[in-house]
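Q: upload06.tsv is reproduced below (TSV, C-alpha atoms and all ligand atoms).
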chain	number	residue	atom	x	y	z
A	1	MET	CA	3.29	-85.82	49.08
A	2	ASN	CA	0.87	-84.02	51.37
A	3	VAL	CA	-2.82	-84.49	50.50
A	4	LEU	CA	-5.75	-82.47	51.84
A	5	LEU	CA	-9.08	-84.25	51.52
A	6	PRO	CA	-11.99	-81.85	51.98
A	7	ALA	CA	-15.49	-83.35	52.26
A	8	SER	CA	-17.38	-80.29	50.98
A	9	LEU	CA	-16.86	-77.18	48.86
A	10	PRO	CA	-16.81	-74.78	51.86
A	11	GLU	CA	-14.15	-76.95	53.49
A	12	ALA	CA	-12.10	-77.03	50.28
A	13	LEU	CA	-12.28	-73.24	49.96
A	14	ASP	CA	-11.21	-72.84	53.60
A	15	MET	CA	-8.22	-75.08	52.99
A	16	LEU	CA	-7.23	-73.12	49.87
A	17	ALA	CA	-7.65	-69.82	51.73
A	18	ARG	CA	-5.26	-71.07	54.42
A	19	ASP	CA	-2.76	-72.58	51.95
A	20	SER	CA	-3.02	-71.06	48.50
A	21	ALA	CA	0.09	-73.00	47.42
A	22	ALA	CA	-2.01	-76.18	47.61
A	23	VAL	CA	-2.65	-77.59	44.13
A	24	PRO	CA	-6.25	-78.61	43.34
A	25	MET	CA	-6.43	-82.12	41.92
A	26	ALA	CA	-9.47	-83.36	39.99
A	27	GLY	CA	-8.89	-86.39	37.72
A	28	GLY	CA	-5.12	-86.03	38.01
A	29	THR	CA	-4.71	-86.91	34.32
A	30	ASP	CA	-2.57	-83.83	33.68
A	31	LEU	CA	-1.06	-83.41	37.13
A	32	LEU	CA	0.23	-86.95	37.48
A	33	VAL	CA	1.54	-87.51	33.97
A	34	HIS	CA	5.02	-86.22	34.77
A	35	TRP	CA	5.02	-87.53	38.33
A	36	PRO	CA	7.96	-89.94	37.92
A	37	VAL	CA	10.26	-87.23	36.48
A	38	ARG	CA	9.13	-84.06	38.28
A	39	VAL	CA	10.51	-84.97	41.68
A	40	GLU	CA	10.01	-81.45	43.01
A	41	ALA	CA	6.23	-81.93	42.61
A	42	HIS	CA	6.34	-84.66	45.26
A	43	ASP	CA	6.93	-82.10	48.02
A	44	ARG	CA	3.86	-80.03	47.22
A	45	THR	CA	0.48	-80.11	48.94
A	46	TYR	CA	-2.47	-81.35	46.86
A	47	LEU	CA	-6.11	-80.54	47.44
A	48	ASP	CA	-7.95	-83.70	46.40
A	49	LEU	CA	-11.37	-82.62	45.10
A	50	SER	CA	-12.76	-86.13	44.66
A	51	ARG	CA	-15.22	-85.96	47.57
A	52	LEU	CA	-16.90	-82.74	46.46
A	53	GLU	CA	-20.08	-84.41	45.24
A	54	GLU	CA	-21.75	-81.03	44.67
A	55	LEU	CA	-19.31	-80.26	41.83
A	56	LYS	CA	-19.91	-83.48	39.88
A	57	PRO	CA	-23.30	-83.23	38.13
A	58	LEU	CA	-24.08	-81.35	34.97
A	59	THR	CA	-27.31	-79.39	35.15
A	60	TRP	CA	-29.78	-78.34	32.45
A	61	LYS	CA	-31.44	-74.96	33.00
A	62	PRO	CA	-33.96	-73.26	30.69
A	63	ASP	CA	-31.30	-71.08	29.10
A	64	GLU	CA	-28.02	-72.82	29.82
A	65	LEU	CA	-26.14	-76.04	30.43
A	66	VAL	CA	-23.99	-75.89	33.56
A	67	LEU	CA	-21.06	-78.27	33.85
A	68	GLY	CA	-19.86	-78.78	37.41
A	69	GLY	CA	-16.28	-78.15	38.46
A	70	LEU	CA	-15.77	-81.92	38.50
A	71	THR	CA	-17.91	-82.94	35.51
A	72	THR	CA	-15.94	-85.40	33.40
A	73	TYR	CA	-15.88	-86.00	29.65
A	74	TRP	CA	-17.71	-89.27	30.26
A	75	ASP	CA	-20.52	-87.48	32.10
A	76	VAL	CA	-21.11	-85.45	28.94
A	77	ILE	CA	-20.71	-88.38	26.54
A	78	ARG	CA	-23.41	-90.36	28.33
A	79	ASP	CA	-25.86	-87.44	28.51
A	80	ASN	CA	-28.11	-87.88	25.44
A	81	ARG	CA	-29.29	-84.30	25.57
A	82	ALA	CA	-25.72	-83.01	25.42
A	83	GLY	CA	-25.21	-85.02	22.24
A	84	ARG	CA	-28.29	-83.38	20.70
A	85	GLU	CA	-27.82	-79.78	21.85
A	86	PHE	CA	-24.05	-79.49	22.16
A	87	PRO	CA	-22.65	-82.12	19.78
A	88	LEU	CA	-19.20	-80.51	19.78
A	89	LEU	CA	-18.83	-81.23	23.50
A	90	VAL	CA	-19.39	-84.91	22.81
A	91	GLN	CA	-17.18	-84.95	19.72
A	92	ALA	CA	-14.31	-83.32	21.60
A	93	ALA	CA	-14.82	-85.53	24.68
A	94	ARG	CA	-14.65	-88.67	22.55
A	95	GLN	CA	-11.31	-87.54	21.18
A	96	VAL	CA	-9.67	-86.89	24.55
A	97	GLY	CA	-7.25	-89.75	25.19
A	98	ALA	CA	-9.13	-93.05	25.59
A	99	ILE	CA	-12.05	-94.12	27.79
A	100	GLN	CA	-9.94	-94.25	30.96
A	101	ILE	CA	-8.95	-90.60	30.53
A	102	GLN	CA	-12.47	-89.59	29.50
A	103	ALA	CA	-13.81	-91.17	32.70
A	104	ARG	CA	-11.39	-89.30	35.00
A	105	GLY	CA	-10.53	-86.10	33.13
A	106	THR	CA	-12.64	-83.03	33.84
A	107	TRP	CA	-13.58	-80.00	31.72
A	108	ALA	CA	-12.37	-77.69	34.49
A	109	GLY	CA	-9.02	-79.50	34.61
A	110	ASN	CA	-8.69	-79.01	30.85
A	111	ILE	CA	-9.34	-75.28	31.26
A	112	VAL	CA	-6.92	-74.73	34.16
A	113	ASN	CA	-4.20	-76.92	32.68
A	114	ALA	CA	-4.28	-74.36	29.85
A	115	SER	CA	-2.60	-76.43	27.16
A	116	PRO	CA	-2.63	-74.63	23.81
A	117	ALA	CA	-3.46	-78.05	22.31
A	118	ALA	CA	-6.41	-78.87	24.59
A	119	ASP	CA	-9.56	-80.36	23.04
A	120	GLY	CA	-12.18	-79.36	25.60
A	121	VAL	CA	-11.38	-75.66	25.66
A	122	PRO	CA	-11.95	-74.88	21.94
A	123	VAL	CA	-15.48	-76.26	21.88
A	124	LEU	CA	-16.40	-74.57	25.17
A	125	MET	CA	-15.05	-71.29	23.78
A	126	ALA	CA	-16.97	-71.67	20.52
A	127	TYR	CA	-20.14	-72.07	22.62
A	128	ASP	CA	-19.34	-68.85	24.57
A	129	ALA	CA	-18.80	-70.66	27.87
A	130	THR	CA	-18.19	-68.74	31.10
A	131	VAL	CA	-15.87	-69.96	33.86
A	132	VAL	CA	-17.31	-69.67	37.38
A	133	LEU	CA	-14.63	-69.30	40.06
A	134	GLU	CA	-15.18	-69.37	43.79
A	135	SER	CA	-13.04	-68.62	46.81
A	136	ARG	CA	-13.68	-67.54	50.38
A	137	ARG	CA	-13.73	-63.99	48.97
A	138	GLY	CA	-16.75	-64.75	46.78
A	139	ARG	CA	-17.79	-65.78	43.29
A	140	GLU	CA	-16.45	-64.45	40.01
A	141	GLU	CA	-17.42	-65.19	36.41
A	142	VAL	CA	-14.99	-64.86	33.52
A	143	PRO	CA	-15.91	-65.49	29.87
A	144	LEU	CA	-13.64	-68.28	28.67
A	145	ASP	CA	-12.50	-66.23	25.69
A	146	ARG	CA	-11.02	-63.71	28.17
A	147	PHE	CA	-9.70	-66.26	30.65
A	148	TYR	CA	-6.17	-66.67	29.24
A	149	SER	CA	-3.62	-63.85	29.16
A	150	GLY	CA	-0.58	-65.80	27.92
A	151	TYR	CA	0.98	-69.25	27.88
A	152	LYS	CA	-0.38	-70.99	31.00
A	153	GLU	CA	-1.42	-67.60	32.38
A	154	MET	CA	-5.04	-67.10	33.34
A	155	GLN	CA	-7.57	-65.10	35.34
A	156	ARG	CA	-7.58	-67.50	38.27
A	157	ARG	CA	-6.15	-66.68	41.67
A	158	ALA	CA	-4.50	-69.46	43.64
A	159	ASP	CA	-7.27	-69.48	46.24
A	160	GLN	CA	-10.01	-69.98	43.62
A	161	LEU	CA	-11.59	-73.18	42.39
A	162	VAL	CA	-13.47	-73.56	39.14
A	163	VAL	CA	-16.87	-74.57	40.48
A	164	ALA	CA	-18.88	-74.46	37.24
A	165	ILE	CA	-18.79	-73.80	33.51
A	166	ARG	CA	-21.89	-72.10	32.11
A	167	ILE	CA	-22.82	-72.65	28.47
A	168	PRO	CA	-25.70	-70.67	26.92
A	169	ARG	CA	-28.33	-72.67	25.02
A	170	ARG	CA	-28.73	-71.23	21.52
A	171	THR	CA	-29.96	-72.25	18.13
A	172	LEU	CA	-26.90	-72.86	16.01
A	173	SER	CA	-26.84	-72.95	12.21
A	174	LEU	CA	-23.31	-74.37	12.08
A	175	GLN	CA	-21.13	-76.14	14.62
A	176	VAL	CA	-17.96	-78.00	13.76
A	177	PHE	CA	-15.01	-79.41	15.68
A	178	GLU	CA	-11.87	-80.52	13.86
A	179	LYS	CA	-8.84	-82.12	15.45
A	180	VAL	CA	-5.88	-82.78	13.19
A	181	GLY	CA	-3.28	-85.06	14.72
A	182	SER	CA	-0.91	-87.72	13.53
A	183	ARG	CA	-3.64	-90.32	14.03
A	184	ARG	CA	-7.33	-90.34	14.91
A	185	ALA	CA	-7.04	-91.50	18.54
A	186	GLN	CA	-4.65	-90.83	21.40
A	187	ALA	CA	-3.01	-87.90	19.62
A	188	ILE	CA	-2.21	-84.34	20.59
A	189	ALA	CA	-3.66	-81.83	18.13
A	190	LYS	CA	-1.35	-80.32	15.51
A	191	VAL	CA	-4.25	-78.03	14.69
A	192	GLY	CA	-7.62	-77.77	16.39
A	193	LEU	CA	-10.61	-75.79	15.22
A	194	ALA	CA	-14.08	-75.18	16.64
A	195	VAL	CA	-16.54	-73.10	14.63
A	196	ALA	CA	-20.05	-72.07	15.60
A	197	HIS	CA	-22.60	-69.76	14.01
A	198	SER	CA	-25.73	-68.47	15.73
A	199	ALA	CA	-27.68	-65.25	16.14
A	200	ALA	CA	-24.79	-64.17	18.40
A	201	GLY	CA	-22.48	-64.27	15.36
A	202	TRP	CA	-19.52	-66.33	14.21
A	203	ARG	CA	-17.13	-67.99	16.63
A	204	VAL	CA	-13.90	-69.36	15.21
A	205	VAL	CA	-11.60	-70.86	17.83
A	206	ALA	CA	-8.15	-72.23	17.06
A	207	ALA	CA	-5.94	-74.63	19.03
A	208	SER	CA	-2.24	-75.51	18.72
A	209	VAL	CA	-1.47	-72.40	16.68
A	210	ALA	CA	-0.74	-69.86	19.45
A	211	PRO	CA	0.40	-69.82	23.09
A	212	THR	CA	-3.23	-70.20	24.18
A	213	ILE	CA	-6.43	-71.48	22.68
A	214	ARG	CA	-7.97	-68.38	21.20
A	215	ARG	CA	-10.82	-66.93	19.21
A	216	CYS	CA	-9.88	-65.58	15.79
A	217	PRO	CA	-11.37	-62.08	15.53
A	218	ALA	CA	-10.09	-61.32	12.01
A	219	LEU	CA	-11.61	-64.53	10.65
A	220	GLU	CA	-14.84	-63.86	12.54
A	221	ARG	CA	-15.00	-60.33	11.04
A	222	LEU	CA	-14.38	-61.71	7.56
A	223	LEU	CA	-17.25	-64.16	7.95
A	224	GLU	CA	-19.56	-61.54	9.51
A	225	SER	CA	-18.89	-59.29	6.50
A	226	GLY	CA	-20.43	-61.92	4.23
A	227	ALA	CA	-17.42	-61.75	1.90
A	228	ARG	CA	-17.32	-64.85	-0.26
A	229	VAL	CA	-14.30	-67.03	0.30
A	230	TRP	CA	-13.32	-68.81	-2.91
A	231	SER	CA	-10.32	-70.79	-1.73
A	232	SER	CA	-8.30	-71.55	1.39
A	233	GLU	CA	-5.78	-68.90	0.26
A	234	ASP	CA	-8.44	-66.22	0.79
A	235	LEU	CA	-8.29	-67.02	4.51
A	236	TYR	CA	-4.53	-66.52	4.89
A	237	PRO	CA	-4.51	-62.75	5.61
A	238	ALA	CA	-7.01	-63.13	8.44
A	239	ILE	CA	-5.28	-66.23	9.81
A	240	ALA	CA	-1.97	-64.34	9.84
A	241	GLN	CA	-3.59	-61.70	12.07
A	242	ASP	CA	-5.20	-64.20	14.41
A	243	VAL	CA	-2.62	-66.89	15.16
A	244	ALA	CA	1.11	-67.34	15.61
A	245	PRO	CA	1.99	-71.00	15.07
A	246	ILE	CA	5.44	-72.35	15.86
A	247	ASP	CA	7.66	-75.17	14.61
A	248	ASP	CA	7.88	-77.89	17.23
A	249	ILE	CA	8.24	-81.63	17.61
A	250	ARG	CA	4.69	-82.26	16.37
A	251	SER	CA	4.53	-80.01	13.33
A	252	SER	CA	5.81	-76.94	11.49
A	253	ALA	CA	4.27	-73.47	11.57
A	254	ARG	CA	3.75	-73.61	7.79
A	255	TYR	CA	1.91	-76.92	7.95
A	256	ARG	CA	-0.31	-75.70	10.79
A	257	THR	CA	-1.28	-72.55	8.88
A	258	ARG	CA	-2.03	-74.41	5.67
A	259	VAL	CA	-4.03	-77.11	7.40
A	260	MET	CA	-6.00	-74.59	9.43
A	261	ALA	CA	-6.90	-72.67	6.24
A	262	ARG	CA	-7.87	-75.81	4.32
A	263	VAL	CA	-9.92	-77.41	7.06
A	264	LEU	CA	-11.77	-74.17	7.76
A	265	TYR	CA	-12.35	-73.51	4.05
A	266	HIS	CA	-13.81	-76.96	3.47
A	267	ASP	CA	-16.12	-76.65	6.48
A	268	LEU	CA	-17.34	-73.25	5.28
A	269	ARG	CA	-17.76	-74.40	1.69
A	270	ASP	CA	-19.87	-77.36	2.81
A	271	PHE	CA	-21.94	-75.01	4.97
A	272	TRP	CA	-22.50	-72.53	2.14
A	273	ARG	CA	-23.45	-75.36	-0.21
A	274	GLY	CA	-25.97	-76.56	2.35
A	275	GLU	CA	-24.07	-79.83	2.90
A	276	ARG	CA	-23.17	-79.12	6.50
A	277	ARG	CA	-25.62	-78.06	9.18
A	278	ALA	CA	-25.70	-77.92	12.95
A	301	LIG	C1	-2.96	-90.53	28.16
A	301	LIG	C2	-3.51	-89.12	28.17
A	301	LIG	C3	-4.15	-88.65	27.05
A	301	LIG	C4	-4.66	-87.36	27.04
A	301	LIG	N1	-5.27	-86.93	25.89
A	301	LIG	C5	-5.79	-85.68	25.84
A	301	LIG	C6	-6.42	-85.23	24.65
A	301	LIG	O1	-6.56	-85.95	23.66
A	301	LIG	N2	-6.91	-83.94	24.66
A	301	LIG	C7	-6.82	-83.13	25.74
A	301	LIG	O2	-7.30	-81.99	25.70
A	301	LIG	N3	-6.21	-83.54	26.88
A	301	LIG	C8	-5.69	-84.79	26.96
A	301	LIG	N4	-5.06	-85.21	28.10
A	301	LIG	C9	-4.91	-84.27	29.22
A	301	LIG	C10	-5.99	-84.35	30.32
A	301	LIG	O3	-6.63	-85.61	30.35
A	301	LIG	C11	-7.07	-83.26	30.20
A	301	LIG	O4	-6.49	-81.97	30.12
A	301	LIG	C12	-8.08	-83.32	31.37
A	301	LIG	O5	-9.19	-82.52	31.06
A	301	LIG	C13	-7.49	-82.82	32.69
A	301	LIG	O6	-8.49	-82.93	33.69
A	301	LIG	P1	-8.18	-83.52	35.15
A	301	LIG	O7	-9.44	-83.50	35.89
A	301	LIG	O8	-7.49	-84.83	35.05
A	301	LIG	O9	-7.16	-82.40	35.67
A	301	LIG	P2	-6.02	-82.51	36.78
A	301	LIG	O10	-4.85	-83.25	36.24
A	301	LIG	O11	-6.57	-82.96	38.09
A	301	LIG	O12	-5.67	-80.95	36.91
A	301	LIG	C14	-5.19	-80.21	35.78
A	301	LIG	C15	-4.97	-78.76	36.23
A	301	LIG	O13	-6.21	-78.15	36.56
A	301	LIG	C16	-6.21	-77.73	37.95
A	301	LIG	N5	-7.59	-77.99	38.38
A	301	LIG	C17	-8.32	-79.11	38.20
A	301	LIG	N6	-9.58	-78.94	38.60
A	301	LIG	C18	-9.66	-77.68	39.09
A	301	LIG	C19	-10.73	-76.91	39.66
A	301	LIG	N7	-11.97	-77.37	39.77
A	301	LIG	N8	-10.45	-75.63	40.03
A	301	LIG	C20	-9.20	-75.12	39.88
A	301	LIG	N9	-8.17	-75.80	39.35
A	301	LIG	C21	-8.40	-77.07	38.95
A	301	LIG	C22	-5.12	-78.53	38.62
A	301	LIG	O14	-4.59	-77.87	39.74
A	301	LIG	C23	-4.10	-78.63	37.49
A	301	LIG	O15	-3.37	-77.44	37.38
A	301	LIG	C24	-4.53	-86.52	28.17
A	301	LIG	C25	-3.90	-87.00	29.32
A	301	LIG	C26	-3.40	-88.28	29.33
A	301	LIG	C27	-2.73	-88.80	30.56
Can the structure from this file be put into structure tokens for me?
Ligand SMILES: Cc1cc2nc3c(=O)[nH]c(=O)nc-3n(C[C@H](O)[C@H](O)[C@H](O)COP(=O)(O)OP(=O)(O)OC[C@H]3O[C@@H](n4cnc5c(N)ncnc54)[C@H](O)[C@@H]3O)c2cc1C
A:
Amino acid sequence: MNVLLPASLPEALDMLARDSAAVPMAGGTDLLVHWPVRVEAHDRTYLDLSRLEELKPLTWKPDELVLGGLTTYWDVIRDNRAGREFPLLVQAARQVGAIQIQARGTWAGNIVNASPAADGVPVLMAYDATVVLESRRGREEVPLDRFYSGYKEMQRRADQLVVAIRIPRRTLSLQVFEKVGSRRAQAIAKVGLAVAHSAAGWRVVAASVAPTIRRCPALERLLESGARVWSSEDLYPAIAQDVAPIDDIRSSARYRTRVMARVLYHDLRDFWRGERRA
């Protein structure tokens, strides 16, 4: 294992420009999981980001919250303001693994790992987050809902680091995060859902029901139209347009679709009845 240990962001970007096959490593909670069995990974070069202090803090600005490229789940959990203004970030963070993982795992790592079952990505996407990438060629910003182009495929070049995640501050009338797994803790989502409503419109984001985390445009259009939804079955046509669940070791496609419809319906019904607010 060859490890590069830059002491600053410019140095890290120089190293990546010279060796774009180097793999950035933040918390290592995804990268190192398969270490004992993926022997070929041992020969690669890793770019250890742990000394890049400038990427660690989260920053409040008048109109946005900016997570650093190394901000962890724990950083967000312990920020009281985040709990008040962006409760879904805290709810999702608390459901990522256990405290050890929350303390090491980063939001940027969750984005670049690109698991369709990730918990950080859906809530960031529901909040209209933007991914800030930097390389020696300059800075680039990509809205998270346009970041993925297929399973584990994304708008990031090998010489780019995620240096920040920008989240606009808005008044929300509804925000919900649901993670359905085989148990409440230490589980991978069978279905994940993040829903937000603000003056910018509806955001419905689904996890574990497609090759990538994705927004659900047909469901969002249905909700924008104001059409009344009387049962979970009324959501099926839109869900069928938006997602493509599969049968796998954790669940069946049929179960995922039914659970997604029911969970979403109950959240919406509570909202319309005035029982659920932001
Ligand atoms: C026991 C356990 C439980 C877990 N439970 C959950 C869970 O419940 N929900 C969930 O969503 N995830 C879970 N995970 C997965 C993991 O913890 C998260 O995806 C975490 O956010 C990854 O962040 P990291 O900093 O550890 O990433 P790393 O492992 O360091 O990196 C992950 C990927 O991102 C890239 N990368 C990291 N940072 C950057 C950067 N700044 N710029 C460019 N590329 C970068 C790396 O090259 C790699 O491809 C679990 C993992 C473990 C081991």
Q: Give as a PyMOL selection string the residues surrounding ligand LIG 301 (chain A) up to a distance of 8 Å, considering only C-alpha atoms and all ligand atoms.
A: chain A and resi 23-33+49+69-70+72-73+95-98+101-102+104-115+117-121+133+156+160-164+185-189
Q: Write out as a list in words the residues lying within 6 Å of Val66 (chain A), counting all atoms listed in the file and excluding same-chain residues fewer than 3 positions away.
A: Leu58, Thr59, Ile165 and Arg166 of chain A
Q: Between A:Arg38, A:Arg146, A:Arg137, A:Lys179, which one has atoms that come closest to Arg256 (chain A), using all atoms listed in the file?
A: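 Among the listed residues, A:Lys179 lies closest to Arg256 (chain A).
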Q: Please, what distance in Å, to one decimal, runs between CA of Pro211 (chain A) and CA of Tyr151 (chain A)?
A: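 CA of Tyr151 (chain A) lies 4.9 Å from CA of Pro211 (chain A).
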Q: Using all atoms listed in the file, which of the listed residues (A:Asp270, A:Glu53, A:Glu11, A:Asp247) sits closest to Thr71 (chain A)?
A: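 Closest to Thr71 (chain A), using all atoms listed in the file: A:Glu53.
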Q: Using all atoms listed in the file, can you tell me which of A:Ser182, A:Asn2, A:Thr45, A:Ser173 comes closest to Arg203 (chain A)?
A: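 Ranking A:Ser182, A:Asn2, A:Thr45, A:Ser173 by distance to Arg203 (chain A), first place goes to A:Ser173.
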Q: From the options A:Val90, A:Leu172, A:Val180, A:Ala41, which residue's atoms come nearest to Arg258 (chain A), counting all atoms listed in the file?
A: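 Smallest distance to Arg258 (chain A) is found for A:Val180.
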